[in-house]
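Novice: What follows is upload_32.txt, compact mmCIF, N, CA and C atoms and all ligand atoms.
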```
# COMPACT_ATOMS: atom_id res chain seq x y z
N MET Q 27 10.31 16.14 -11.55
CA MET Q 27 10.10 14.71 -11.30
C MET Q 27 8.74 14.48 -10.64
N LYS Q 28 8.09 13.38 -11.06
CA LYS Q 28 6.78 13.05 -10.51
C LYS Q 28 6.84 11.64 -9.91
N ILE Q 29 6.30 11.50 -8.71
CA ILE Q 29 6.35 10.24 -7.98
C ILE Q 29 4.94 9.83 -7.58
N ALA Q 30 4.65 8.52 -7.64
CA ALA Q 30 3.42 8.00 -7.04
C ALA Q 30 3.81 7.22 -5.80
N ILE Q 31 3.00 7.33 -4.76
CA ILE Q 31 3.31 6.64 -3.50
C ILE Q 31 2.07 5.91 -3.02
N ALA Q 32 2.26 4.71 -2.46
CA ALA Q 32 1.13 3.95 -1.93
C ALA Q 32 1.60 3.06 -0.80
N SER Q 33 0.71 2.80 0.14
CA SER Q 33 1.04 1.92 1.27
C SER Q 33 -0.21 1.18 1.70
N ASP Q 34 -0.01 0.21 2.58
CA ASP Q 34 -1.15 -0.36 3.30
C ASP Q 34 -1.22 0.34 4.67
N HIS Q 35 -2.07 -0.17 5.54
CA HIS Q 35 -2.25 0.44 6.87
C HIS Q 35 -0.97 0.39 7.70
N ALA Q 36 -0.21 -0.72 7.55
CA ALA Q 36 0.97 -0.93 8.40
C ALA Q 36 2.05 0.13 8.16
N ALA Q 37 2.05 0.70 6.98
CA ALA Q 37 3.07 1.69 6.65
C ALA Q 37 2.46 3.06 6.37
N TYR Q 38 1.20 3.23 6.80
CA TYR Q 38 0.52 4.51 6.54
C TYR Q 38 1.31 5.71 7.09
N GLU Q 39 1.75 5.58 8.34
CA GLU Q 39 2.47 6.71 8.95
C GLU Q 39 3.77 7.01 8.19
N MET Q 40 4.47 5.95 7.84
CA MET Q 40 5.72 6.12 7.09
C MET Q 40 5.45 6.73 5.71
N LYS Q 41 4.36 6.32 5.09
CA LYS Q 41 4.00 6.91 3.78
C LYS Q 41 3.78 8.41 3.92
N GLU Q 42 3.06 8.80 4.96
CA GLU Q 42 2.80 10.23 5.17
C GLU Q 42 4.11 10.99 5.38
N THR Q 43 5.01 10.38 6.15
CA THR Q 43 6.30 11.01 6.43
C THR Q 43 7.09 11.20 5.13
N ILE Q 44 7.16 10.16 4.32
CA ILE Q 44 7.93 10.22 3.06
C ILE Q 44 7.26 11.17 2.07
N LYS Q 45 5.94 11.11 2.00
CA LYS Q 45 5.20 12.01 1.09
C LYS Q 45 5.47 13.47 1.45
N ASN Q 46 5.35 13.80 2.72
CA ASN Q 46 5.56 15.18 3.13
C ASN Q 46 7.02 15.61 2.96
N TYR Q 47 7.91 14.69 3.21
CA TYR Q 47 9.34 14.97 3.00
C TYR Q 47 9.60 15.33 1.53
N LEU Q 48 9.08 14.53 0.63
CA LEU Q 48 9.32 14.78 -0.80
C LEU Q 48 8.63 16.06 -1.26
N LYS Q 49 7.40 16.26 -0.81
CA LYS Q 49 6.64 17.44 -1.26
C LYS Q 49 7.21 18.72 -0.66
N ILE Q 50 7.35 18.73 0.65
CA ILE Q 50 7.70 19.97 1.34
C ILE Q 50 9.19 20.27 1.29
N GLU Q 51 10.01 19.25 1.61
CA GLU Q 51 11.46 19.52 1.67
C GLU Q 51 12.14 19.44 0.32
N LYS Q 52 11.61 18.63 -0.60
CA LYS Q 52 12.28 18.44 -1.89
C LYS Q 52 11.53 19.08 -3.06
N GLY Q 53 10.32 19.53 -2.82
CA GLY Q 53 9.53 20.17 -3.88
C GLY Q 53 9.17 19.24 -5.01
N ILE Q 54 9.02 17.96 -4.71
CA ILE Q 54 8.69 16.96 -5.73
C ILE Q 54 7.18 16.77 -5.79
N ASP Q 55 6.67 16.59 -7.00
CA ASP Q 55 5.25 16.36 -7.24
C ASP Q 55 4.93 14.90 -6.86
N VAL Q 56 4.07 14.72 -5.84
CA VAL Q 56 3.78 13.36 -5.36
C VAL Q 56 2.29 13.06 -5.48
N ILE Q 57 1.95 11.96 -6.14
CA ILE Q 57 0.56 11.50 -6.20
C ILE Q 57 0.38 10.41 -5.15
N ASP Q 58 -0.54 10.65 -4.22
CA ASP Q 58 -0.78 9.72 -3.12
C ASP Q 58 -1.96 8.82 -3.48
N LEU Q 59 -1.69 7.51 -3.61
CA LEU Q 59 -2.74 6.56 -3.98
C LEU Q 59 -3.34 5.84 -2.77
N GLY Q 60 -3.08 6.34 -1.56
CA GLY Q 60 -3.58 5.72 -0.34
C GLY Q 60 -2.57 4.72 0.20
N ALA Q 61 -2.89 4.06 1.28
CA ALA Q 61 -4.10 4.11 2.07
C ALA Q 61 -4.26 5.48 2.75
N ASN Q 62 -5.47 5.73 3.21
CA ASN Q 62 -5.75 7.05 3.78
C ASN Q 62 -5.83 7.06 5.29
N SER Q 63 -5.58 5.92 5.92
CA SER Q 63 -5.57 5.85 7.39
C SER Q 63 -4.88 4.56 7.81
N SER Q 64 -4.79 4.35 9.12
CA SER Q 64 -4.17 3.12 9.64
C SER Q 64 -5.18 1.99 9.78
N GLU Q 65 -6.36 2.16 9.20
CA GLU Q 65 -7.38 1.11 9.23
C GLU Q 65 -6.97 0.00 8.26
N SER Q 66 -7.16 -1.24 8.67
CA SER Q 66 -6.67 -2.40 7.91
C SER Q 66 -7.17 -2.45 6.46
N VAL Q 67 -6.22 -2.60 5.54
CA VAL Q 67 -6.53 -2.75 4.11
C VAL Q 67 -5.63 -3.86 3.56
N ASP Q 68 -5.78 -4.17 2.27
CA ASP Q 68 -4.98 -5.23 1.64
C ASP Q 68 -3.99 -4.60 0.66
N TYR Q 69 -2.70 -4.86 0.89
CA TYR Q 69 -1.68 -4.19 0.07
C TYR Q 69 -1.79 -4.43 -1.45
N PRO Q 70 -2.29 -5.60 -1.94
CA PRO Q 70 -2.36 -5.73 -3.41
C PRO Q 70 -3.27 -4.68 -4.06
N ASP Q 71 -4.28 -4.23 -3.31
CA ASP Q 71 -5.21 -3.21 -3.86
C ASP Q 71 -4.51 -1.88 -4.10
N TYR Q 72 -3.39 -1.67 -3.45
CA TYR Q 72 -2.64 -0.42 -3.61
C TYR Q 72 -1.42 -0.61 -4.52
N ALA Q 73 -0.92 -1.84 -4.54
CA ALA Q 73 0.25 -2.14 -5.39
C ALA Q 73 -0.10 -2.03 -6.87
N GLU Q 74 -1.25 -2.55 -7.25
CA GLU Q 74 -1.61 -2.60 -8.67
C GLU Q 74 -1.74 -1.20 -9.30
N PRO Q 75 -2.54 -0.29 -8.74
CA PRO Q 75 -2.62 1.05 -9.34
C PRO Q 75 -1.29 1.78 -9.36
N LEU Q 76 -0.48 1.55 -8.33
CA LEU Q 76 0.84 2.19 -8.30
C LEU Q 76 1.70 1.68 -9.47
N GLY Q 77 1.72 0.36 -9.63
CA GLY Q 77 2.52 -0.23 -10.71
C GLY Q 77 2.07 0.27 -12.06
N LEU Q 78 0.75 0.36 -12.26
CA LEU Q 78 0.22 0.81 -13.54
C LEU Q 78 0.57 2.27 -13.83
N MET Q 79 0.61 3.07 -12.79
CA MET Q 79 1.00 4.48 -12.97
C MET Q 79 2.44 4.59 -13.44
N VAL Q 80 3.27 3.69 -12.96
CA VAL Q 80 4.68 3.70 -13.35
C VAL Q 80 4.83 3.19 -14.79
N THR Q 81 4.19 2.07 -15.10
CA THR Q 81 4.39 1.49 -16.44
C THR Q 81 3.70 2.33 -17.53
N SER Q 82 2.67 3.09 -17.17
CA SER Q 82 2.04 3.97 -18.15
C SER Q 82 2.79 5.30 -18.27
N LYS Q 83 3.85 5.44 -17.49
CA LYS Q 83 4.73 6.63 -17.53
C LYS Q 83 4.04 7.90 -17.04
N GLU Q 84 2.94 7.73 -16.28
CA GLU Q 84 2.30 8.91 -15.69
C GLU Q 84 3.21 9.52 -14.62
N VAL Q 85 4.07 8.68 -14.06
CA VAL Q 85 5.05 9.16 -13.07
C VAL Q 85 6.41 8.59 -13.44
N ASP Q 86 7.44 9.21 -12.87
CA ASP Q 86 8.81 8.73 -13.14
C ASP Q 86 9.14 7.49 -12.32
N PHE Q 87 8.71 7.52 -11.06
CA PHE Q 87 8.99 6.39 -10.16
C PHE Q 87 7.81 6.17 -9.22
N GLY Q 88 7.74 4.95 -8.66
CA GLY Q 88 6.77 4.65 -7.62
C GLY Q 88 7.49 4.33 -6.32
N ILE Q 89 6.81 4.63 -5.22
CA ILE Q 89 7.30 4.22 -3.90
C ILE Q 89 6.15 3.45 -3.24
N ALA Q 90 6.41 2.19 -2.87
CA ALA Q 90 5.39 1.33 -2.27
C ALA Q 90 5.86 0.92 -0.89
N LEU Q 91 4.97 0.93 0.07
CA LEU Q 91 5.34 0.58 1.45
C LEU Q 91 4.31 -0.36 2.07
N CYS Q 92 4.80 -1.34 2.81
CA CYS Q 92 3.94 -2.11 3.71
C CYS Q 92 4.77 -2.41 4.95
N GLY Q 93 4.29 -3.30 5.82
CA GLY Q 93 4.99 -3.51 7.08
C GLY Q 93 6.43 -3.98 6.88
N THR Q 94 6.58 -5.08 6.16
CA THR Q 94 7.92 -5.62 5.89
C THR Q 94 8.45 -5.21 4.53
N GLY Q 95 7.59 -4.75 3.67
CA GLY Q 95 7.96 -4.46 2.27
C GLY Q 95 7.82 -5.69 1.39
N ILE Q 96 7.65 -6.84 1.99
CA ILE Q 96 7.65 -8.08 1.20
C ILE Q 96 6.37 -8.24 0.37
N GLY Q 97 5.24 -8.05 1.00
CA GLY Q 97 3.98 -8.20 0.28
C GLY Q 97 3.86 -7.21 -0.87
N MET Q 98 4.18 -5.95 -0.61
CA MET Q 98 4.13 -4.93 -1.66
C MET Q 98 5.10 -5.27 -2.78
N SER Q 99 6.25 -5.79 -2.40
CA SER Q 99 7.26 -6.13 -3.38
C SER Q 99 6.75 -7.24 -4.32
N ILE Q 100 6.20 -8.29 -3.72
CA ILE Q 100 5.67 -9.39 -4.54
C ILE Q 100 4.55 -8.87 -5.44
N ALA Q 101 3.63 -8.12 -4.85
CA ALA Q 101 2.44 -7.68 -5.60
C ALA Q 101 2.79 -6.70 -6.73
N VAL Q 102 3.62 -5.72 -6.44
CA VAL Q 102 3.89 -4.69 -7.46
C VAL Q 102 4.69 -5.28 -8.63
N ASN Q 103 5.47 -6.31 -8.35
CA ASN Q 103 6.25 -6.92 -9.43
C ASN Q 103 5.41 -7.81 -10.34
N LYS Q 104 4.12 -7.99 -10.01
CA LYS Q 104 3.21 -8.71 -10.91
C LYS Q 104 2.73 -7.82 -12.05
N VAL Q 105 2.91 -6.52 -11.92
CA VAL Q 105 2.52 -5.61 -13.00
C VAL Q 105 3.64 -5.62 -14.04
N LYS Q 106 3.29 -5.96 -15.27
CA LYS Q 106 4.30 -6.07 -16.33
C LYS Q 106 5.06 -4.76 -16.53
N GLY Q 107 6.35 -4.84 -16.49
CA GLY Q 107 7.17 -3.65 -16.70
C GLY Q 107 7.66 -3.03 -15.42
N VAL Q 108 7.11 -3.49 -14.31
CA VAL Q 108 7.59 -2.98 -13.01
C VAL Q 108 8.86 -3.73 -12.61
N ARG Q 109 9.84 -2.96 -12.17
CA ARG Q 109 11.02 -3.55 -11.53
C ARG Q 109 11.08 -2.95 -10.13
N GLY Q 110 10.39 -3.64 -9.22
CA GLY Q 110 10.29 -3.14 -7.85
C GLY Q 110 11.39 -3.73 -6.99
N ALA Q 111 12.02 -2.89 -6.19
CA ALA Q 111 13.12 -3.34 -5.35
C ALA Q 111 12.87 -2.97 -3.89
N LEU Q 112 12.85 -4.01 -3.06
CA LEU Q 112 12.74 -3.78 -1.61
C LEU Q 112 14.11 -3.38 -1.08
N CYS Q 113 14.22 -2.16 -0.61
CA CYS Q 113 15.52 -1.63 -0.16
C CYS Q 113 15.41 -1.22 1.30
N LEU Q 114 16.24 -1.84 2.12
CA LEU Q 114 16.19 -1.57 3.56
C LEU Q 114 17.22 -0.53 3.99
N TYR Q 115 18.12 -0.19 3.08
CA TYR Q 115 19.10 0.87 3.39
C TYR Q 115 19.65 1.45 2.09
N PRO Q 116 20.33 2.60 2.15
CA PRO Q 116 20.71 3.32 0.94
C PRO Q 116 21.54 2.55 -0.08
N THR Q 117 22.46 1.70 0.38
CA THR Q 117 23.29 0.97 -0.60
C THR Q 117 22.43 0.06 -1.48
N MET Q 118 21.39 -0.51 -0.90
CA MET Q 118 20.49 -1.35 -1.71
C MET Q 118 19.80 -0.49 -2.76
N ALA Q 119 19.39 0.71 -2.37
CA ALA Q 119 18.72 1.61 -3.31
C ALA Q 119 19.68 2.06 -4.40
N GLU Q 120 20.92 2.29 -4.04
CA GLU Q 120 21.93 2.71 -5.02
C GLU Q 120 22.07 1.64 -6.11
N PHE Q 121 22.20 0.39 -5.68
CA PHE Q 121 22.41 -0.66 -6.68
C PHE Q 121 21.12 -1.10 -7.37
N ALA Q 122 20.00 -0.89 -6.71
CA ALA Q 122 18.72 -1.16 -7.38
C ALA Q 122 18.56 -0.25 -8.59
N ARG Q 123 19.06 0.96 -8.51
CA ARG Q 123 19.02 1.88 -9.64
C ARG Q 123 20.17 1.61 -10.61
N LYS Q 124 21.39 1.51 -10.10
CA LYS Q 124 22.56 1.35 -10.98
C LYS Q 124 22.50 0.06 -11.79
N HIS Q 125 22.17 -1.04 -11.14
CA HIS Q 125 22.26 -2.35 -11.81
C HIS Q 125 20.93 -2.88 -12.30
N ASN Q 126 19.84 -2.55 -11.61
CA ASN Q 126 18.55 -3.16 -11.94
C ASN Q 126 17.56 -2.19 -12.59
N ASP Q 127 17.96 -0.93 -12.71
CA ASP Q 127 17.05 0.09 -13.26
C ASP Q 127 15.67 0.00 -12.60
N ALA Q 128 15.65 -0.19 -11.30
CA ALA Q 128 14.38 -0.32 -10.56
C ALA Q 128 13.53 0.93 -10.78
N ASN Q 129 12.24 0.70 -11.02
CA ASN Q 129 11.33 1.84 -11.21
C ASN Q 129 10.34 2.00 -10.05
N VAL Q 130 10.34 1.03 -9.14
CA VAL Q 130 9.55 1.17 -7.91
C VAL Q 130 10.45 0.85 -6.72
N LEU Q 131 10.50 1.75 -5.78
CA LEU Q 131 11.22 1.53 -4.53
C LEU Q 131 10.22 1.02 -3.50
N VAL Q 132 10.55 -0.10 -2.88
CA VAL Q 132 9.67 -0.64 -1.83
C VAL Q 132 10.37 -0.48 -0.48
N LEU Q 133 9.63 0.03 0.48
CA LEU Q 133 10.16 0.28 1.82
C LEU Q 133 9.36 -0.50 2.87
N ALA Q 134 10.03 -0.82 3.99
CA ALA Q 134 9.40 -1.56 5.08
C ALA Q 134 9.05 -0.61 6.20
N GLY Q 135 7.79 -0.24 6.30
CA GLY Q 135 7.35 0.75 7.29
C GLY Q 135 7.59 0.33 8.72
N ARG Q 136 7.52 -1.00 8.98
CA ARG Q 136 7.67 -1.46 10.36
C ARG Q 136 9.11 -1.80 10.73
N LEU Q 137 10.00 -1.78 9.74
CA LEU Q 137 11.38 -2.21 10.02
C LEU Q 137 12.40 -1.09 9.87
N MET Q 138 11.96 0.06 9.37
CA MET Q 138 12.91 1.15 9.12
C MET Q 138 12.51 2.38 9.91
N GLY Q 139 13.49 3.10 10.39
CA GLY Q 139 13.22 4.40 11.00
C GLY Q 139 13.04 5.43 9.89
N SER Q 140 12.43 6.56 10.22
CA SER Q 140 12.13 7.53 9.16
C SER Q 140 13.39 8.18 8.57
N ASP Q 141 14.44 8.37 9.37
CA ASP Q 141 15.66 8.95 8.80
C ASP Q 141 16.29 8.02 7.78
N LEU Q 142 16.33 6.73 8.11
CA LEU Q 142 16.88 5.74 7.20
C LEU Q 142 16.02 5.65 5.93
N ALA Q 143 14.72 5.70 6.10
CA ALA Q 143 13.82 5.63 4.94
C ALA Q 143 14.03 6.85 4.04
N LYS Q 144 14.19 8.03 4.62
CA LYS Q 144 14.40 9.25 3.81
C LYS Q 144 15.71 9.16 3.03
N LEU Q 145 16.75 8.70 3.70
CA LEU Q 145 18.06 8.55 3.03
C LEU Q 145 17.98 7.54 1.89
N THR Q 146 17.23 6.47 2.13
CA THR Q 146 17.06 5.43 1.11
C THR Q 146 16.31 5.99 -0.10
N VAL Q 147 15.29 6.79 0.17
CA VAL Q 147 14.53 7.44 -0.91
C VAL Q 147 15.43 8.40 -1.69
N ASP Q 148 16.18 9.23 -0.97
CA ASP Q 148 17.08 10.20 -1.64
C ASP Q 148 18.05 9.48 -2.56
N THR Q 149 18.63 8.40 -2.06
CA THR Q 149 19.62 7.66 -2.85
C THR Q 149 18.97 7.08 -4.10
N PHE Q 150 17.79 6.51 -3.93
CA PHE Q 150 17.07 5.92 -5.06
C PHE Q 150 16.80 6.97 -6.14
N LEU Q 151 16.28 8.12 -5.72
CA LEU Q 151 15.87 9.14 -6.70
C LEU Q 151 17.06 9.87 -7.33
N ASN Q 152 18.21 9.82 -6.66
CA ASN Q 152 19.37 10.56 -7.19
C ASN Q 152 20.40 9.67 -7.87
N THR Q 153 20.06 8.42 -8.12
CA THR Q 153 21.02 7.51 -8.75
C THR Q 153 20.50 7.07 -10.12
N ASP Q 154 21.36 7.14 -11.12
CA ASP Q 154 20.98 6.73 -12.48
C ASP Q 154 21.34 5.28 -12.76
N PHE Q 155 20.67 4.71 -13.73
CA PHE Q 155 20.97 3.36 -14.22
C PHE Q 155 22.34 3.40 -14.92
N ASP Q 156 23.16 2.40 -14.64
CA ASP Q 156 24.49 2.33 -15.25
C ASP Q 156 24.47 1.91 -16.71
N GLY Q 157 23.41 1.21 -17.12
CA GLY Q 157 23.34 0.73 -18.52
C GLY Q 157 24.41 -0.33 -18.77
N GLY Q 158 25.00 -0.31 -19.96
CA GLY Q 158 26.08 -1.24 -20.29
C GLY Q 158 25.65 -2.69 -20.14
N ARG Q 159 26.46 -3.47 -19.44
CA ARG Q 159 26.17 -4.90 -19.30
C ARG Q 159 24.85 -5.17 -18.57
N HIS Q 160 24.39 -4.19 -17.79
CA HIS Q 160 23.15 -4.38 -17.03
C HIS Q 160 21.91 -4.28 -17.93
N LYS Q 161 22.05 -3.59 -19.04
CA LYS Q 161 20.92 -3.41 -19.96
C LYS Q 161 20.46 -4.77 -20.50
N LYS Q 162 21.42 -5.57 -20.89
CA LYS Q 162 21.12 -6.90 -21.44
C LYS Q 162 20.34 -7.73 -20.41
N ARG Q 163 20.68 -7.58 -19.14
CA ARG Q 163 20.03 -8.36 -18.08
C ARG Q 163 18.59 -7.90 -17.85
N ILE Q 164 18.41 -6.60 -17.95
CA ILE Q 164 17.04 -6.04 -17.83
C ILE Q 164 16.19 -6.55 -18.99
N GLU Q 165 16.79 -6.60 -20.17
CA GLU Q 165 16.05 -7.10 -21.35
C GLU Q 165 15.69 -8.57 -21.18
N LYS Q 166 16.55 -9.32 -20.52
CA LYS Q 166 16.25 -10.74 -20.28
C LYS Q 166 15.09 -10.89 -19.28
N ILE Q 167 15.01 -9.99 -18.33
CA ILE Q 167 13.88 -10.01 -17.38
C ILE Q 167 12.58 -9.74 -18.16
N ALA Q 168 12.63 -8.78 -19.06
CA ALA Q 168 11.44 -8.44 -19.86
C ALA Q 168 11.03 -9.64 -20.71
N ARG Q 169 12.01 -10.38 -21.19
CA ARG Q 169 11.70 -11.56 -22.01
C ARG Q 169 11.00 -12.63 -21.15
N ILE Q 170 11.45 -12.83 -19.94
CA ILE Q 170 10.78 -13.80 -19.04
C ILE Q 170 9.32 -13.40 -18.86
N GLU Q 171 9.12 -12.09 -18.65
CA GLU Q 171 7.78 -11.55 -18.42
C GLU Q 171 6.87 -11.83 -19.62
N LYS Q 172 7.44 -11.67 -20.80
CA LYS Q 172 6.68 -11.84 -22.05
C LYS Q 172 6.32 -13.30 -22.29
N GLN Q 173 7.22 -14.19 -21.90
CA GLN Q 173 7.03 -15.61 -22.23
C GLN Q 173 6.22 -16.38 -21.19
N ASN Q 174 5.93 -15.78 -20.05
CA ASN Q 174 5.27 -16.55 -18.99
C ASN Q 174 3.94 -15.94 -18.55
C1 LIG I 201 0.05 -6.25 7.35
O1 LIG I 201 -0.25 -6.77 8.60
C2 LIG I 201 1.34 -6.85 6.83
O2 LIG I 201 1.16 -8.21 6.58
C3 LIG I 201 1.81 -6.14 5.58
O3 LIG I 201 1.98 -4.80 5.85
C4 LIG I 201 3.11 -6.60 4.98
O4 LIG I 201 4.13 -6.63 5.92
C5 LIG I 201 3.03 -7.80 4.15
O5 LIG I 201 3.99 -8.24 3.52
```
As structure tokens, how would this structure be written, given the file I've shared?

Specialist:
Amino acid sequence: MKIAIASDHAAYEMKETIKNYLKIEKGIDVIDLGANSSESVDYPDYAEPLGLMVTSKEVDFGIALCGTGIGMSIAVNKVKGVRGALCLYPTMAEFARKHNDANVLVLAGRLMGSDLAKLTVDTFLNTDFDGGRHKKRIEKIARIEKQN
């Protein structure tokens, strides 16, 4: 499995924690798209390349982080084909995968502790899309994207 990860300054520390957790403890291939420090940056500049990496299938999933997760969530969902889900705890991540086939997990660096964030990441990466009735709904989202 290959993952791309990106954050702004507000979630830089959390990004490093999650990146190292995935690389070292889980042996997952992680591409880090920045930010590279806690110096102030603008989250849309990191959301766009992350989203494009996911939709071009260079990676299996993206993980995007900012302070609240809200800005990253709004920005990454502007990339066509991205289904980004802001998940504050594991059950949200479970259903983001099962029902929404989310391809980008968004985390709130300033609102979550690192243990909760790791559990949320694990749940997201280990849960499959349920398909079935949810597939039709995903297709309807794609249609909205195409028409607007
Ligand atoms: C940065 O100060 C903060 O606004 C950003 O990380 C995020 O929370 C925006 O939604």

Novice: Tell me, in Å to one decimal, how far atom C of Ala143 in chain Q is from atom N of Leu131 in chain Q.

Specialist: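 Pair atom C of Ala143 in chain Q / atom N of Leu131 in chain Q returns 11.6 Å.
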
Novice: Would you mind telling me which residue in Q:Met98, Q:Leu142, Q:Ile89, Q:Ile31 lies nearest to ligand LIG 201 (chain I) when using only N, CA and C atoms and all ligand atoms?

Specialist: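 Going through Q:Met98, Q:Leu142, Q:Ile89, Q:Ile31 one by one, the smallest distance to ligand LIG 201 (chain I) is for Q:Met98.
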
Novice: Return as a ChimeraX atom specification the residues of protein, DNA or RNA that approach ligand LIG 201 (chain I) to within 9 Å, with only C-alpha atoms and all ligand atoms taken into account.

Specialist: /Q:33-37,66-69,91-100,134-136

Novice: Work out how far apart CA of Leu76 in chain Q and CA of Leu133 in chain Q are and give it in Å to one decimal.

Specialist: 13.9 Å

Novice: Name the residues in contact with range 102-117 of chain Q at a cut-off of 8 Å, using only N, CA and C atoms, excluding same-chain residues fewer than 4 positions from it; report them as number ranges by chain.

Specialist: Q: 69-70, 72-78, 80-81, 94-98, 121-123, 126-134, 137-138, 142-150, 168, 171-172

Novice: What does the file look like for those residues with N, CA and C atoms, as a CSV table (one decimal), in the coordinates of the input?

Specialist:
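That gives us again.csv:
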```
chain,number,residue,atom,x,y,z
Q,69,TYR,N,-2.7,-4.9,0.9
Q,69,TYR,CA,-1.7,-4.2,0.1
Q,69,TYR,C,-1.8,-4.4,-1.4
Q,70,PRO,N,-2.3,-5.6,-1.9
Q,70,PRO,CA,-2.4,-5.7,-3.4
Q,70,PRO,C,-3.3,-4.7,-4.1
Q,72,TYR,N,-3.4,-1.7,-3.4
Q,72,TYR,CA,-2.6,-0.4,-3.6
Q,72,TYR,C,-1.4,-0.6,-4.5
Q,73,ALA,N,-0.9,-1.8,-4.5
Q,73,ALA,CA,0.2,-2.1,-5.4
Q,73,ALA,C,-0.1,-2.0,-6.9
Q,74,GLU,N,-1.2,-2.6,-7.2
Q,74,GLU,CA,-1.6,-2.6,-8.7
Q,74,GLU,C,-1.7,-1.2,-9.3
Q,75,PRO,N,-2.5,-0.3,-8.7
Q,75,PRO,CA,-2.6,1.0,-9.3
Q,75,PRO,C,-1.3,1.8,-9.4
Q,76,LEU,N,-0.5,1.6,-8.3
Q,76,LEU,CA,0.8,2.2,-8.3
Q,76,LEU,C,1.7,1.7,-9.5
Q,77,GLY,N,1.7,0.4,-9.6
Q,77,GLY,CA,2.5,-0.2,-10.7
Q,77,GLY,C,2.1,0.3,-12.1
Q,78,LEU,N,0.8,0.4,-12.3
Q,78,LEU,CA,0.2,0.8,-13.5
Q,78,LEU,C,0.6,2.3,-13.8
Q,80,VAL,N,3.3,3.7,-13.0
Q,80,VAL,CA,4.7,3.7,-13.4
Q,80,VAL,C,4.8,3.2,-14.8
Q,81,THR,N,4.2,2.1,-15.1
Q,81,THR,CA,4.4,1.5,-16.4
Q,81,THR,C,3.7,2.3,-17.5
Q,94,THR,N,6.6,-5.1,6.2
Q,94,THR,CA,7.9,-5.6,5.9
Q,94,THR,C,8.4,-5.2,4.5
Q,95,GLY,N,7.6,-4.8,3.7
Q,95,GLY,CA,8.0,-4.5,2.3
Q,95,GLY,C,7.8,-5.7,1.4
Q,96,ILE,N,7.6,-6.8,2.0
Q,96,ILE,CA,7.6,-8.1,1.2
Q,96,ILE,C,6.4,-8.2,0.4
Q,97,GLY,N,5.2,-8.0,1.0
Q,97,GLY,CA,4.0,-8.2,0.3
Q,97,GLY,C,3.9,-7.2,-0.9
Q,98,MET,N,4.2,-6.0,-0.6
Q,98,MET,CA,4.1,-4.9,-1.7
Q,98,MET,C,5.1,-5.3,-2.8
Q,121,PHE,N,22.2,0.4,-5.7
Q,121,PHE,CA,22.4,-0.7,-6.7
Q,121,PHE,C,21.1,-1.1,-7.4
Q,122,ALA,N,20.0,-0.9,-6.7
Q,122,ALA,CA,18.7,-1.2,-7.4
Q,122,ALA,C,18.6,-0.2,-8.6
Q,123,ARG,N,19.1,1.0,-8.5
Q,123,ARG,CA,19.0,1.9,-9.6
Q,123,ARG,C,20.2,1.6,-10.6
Q,126,ASN,N,19.8,-2.6,-11.6
Q,126,ASN,CA,18.6,-3.2,-11.9
Q,126,ASN,C,17.6,-2.2,-12.6
Q,127,ASP,N,18.0,-0.9,-12.7
Q,127,ASP,CA,17.0,0.1,-13.3
Q,127,ASP,C,15.7,0.0,-12.6
Q,128,ALA,N,15.6,-0.2,-11.3
Q,128,ALA,CA,14.4,-0.3,-10.6
Q,128,ALA,C,13.5,0.9,-10.8
Q,129,ASN,N,12.2,0.7,-11.0
Q,129,ASN,CA,11.3,1.8,-11.2
Q,129,ASN,C,10.3,2.0,-10.0
Q,130,VAL,N,10.3,1.0,-9.1
Q,130,VAL,CA,9.6,1.2,-7.9
Q,130,VAL,C,10.4,0.8,-6.7
Q,131,LEU,N,10.5,1.8,-5.8
Q,131,LEU,CA,11.2,1.5,-4.5
Q,131,LEU,C,10.2,1.0,-3.5
Q,132,VAL,N,10.6,-0.1,-2.9
Q,132,VAL,CA,9.7,-0.6,-1.8
Q,132,VAL,C,10.4,-0.5,-0.5
Q,133,LEU,N,9.6,0.0,0.5
Q,133,LEU,CA,10.2,0.3,1.8
Q,133,LEU,C,9.4,-0.5,2.9
Q,134,ALA,N,10.0,-0.8,4.0
Q,134,ALA,CA,9.4,-1.6,5.1
Q,134,ALA,C,9.0,-0.6,6.2
Q,137,LEU,N,10.0,-1.8,9.7
Q,137,LEU,CA,11.4,-2.2,10.0
Q,137,LEU,C,12.4,-1.1,9.9
Q,138,MET,N,12.0,0.1,9.4
Q,138,MET,CA,12.9,1.2,9.1
Q,138,MET,C,12.5,2.4,9.9
Q,142,LEU,N,16.3,6.7,8.1
Q,142,LEU,CA,16.9,5.7,7.2
Q,142,LEU,C,16.0,5.6,5.9
Q,143,ALA,N,14.7,5.7,6.1
Q,143,ALA,CA,13.8,5.6,4.9
Q,143,ALA,C,14.0,6.8,4.0
Q,144,LYS,N,14.2,8.0,4.6
Q,144,LYS,CA,14.4,9.2,3.8
Q,144,LYS,C,15.7,9.2,3.0
Q,145,LEU,N,16.8,8.7,3.7
Q,145,LEU,CA,18.1,8.6,3.0
Q,145,LEU,C,18.0,7.5,1.9
Q,146,THR,N,17.2,6.5,2.1
Q,146,THR,CA,17.1,5.4,1.1
Q,146,THR,C,16.3,6.0,-0.1
Q,147,VAL,N,15.3,6.8,0.2
Q,147,VAL,CA,14.5,7.4,-0.9
Q,147,VAL,C,15.4,8.4,-1.7
Q,148,ASP,N,16.2,9.2,-1.0
Q,148,ASP,CA,17.1,10.2,-1.6
Q,148,ASP,C,18.0,9.5,-2.6
Q,149,THR,N,18.6,8.4,-2.1
Q,149,THR,CA,19.6,7.7,-2.8
Q,149,THR,C,19.0,7.1,-4.1
Q,150,PHE,N,17.8,6.5,-3.9
Q,150,PHE,CA,17.1,5.9,-5.1
Q,150,PHE,C,16.8,7.0,-6.1
Q,168,ALA,N,12.6,-8.8,-19.1
Q,168,ALA,CA,11.4,-8.4,-19.9
Q,168,ALA,C,11.0,-9.6,-20.7
Q,171,GLU,N,9.1,-12.1,-18.6
Q,171,GLU,CA,7.8,-11.6,-18.4
Q,171,GLU,C,6.9,-11.8,-19.6
Q,172,LYS,N,7.4,-11.7,-20.8
Q,172,LYS,CA,6.7,-11.8,-22.0
Q,172,LYS,C,6.3,-13.3,-22.3
```
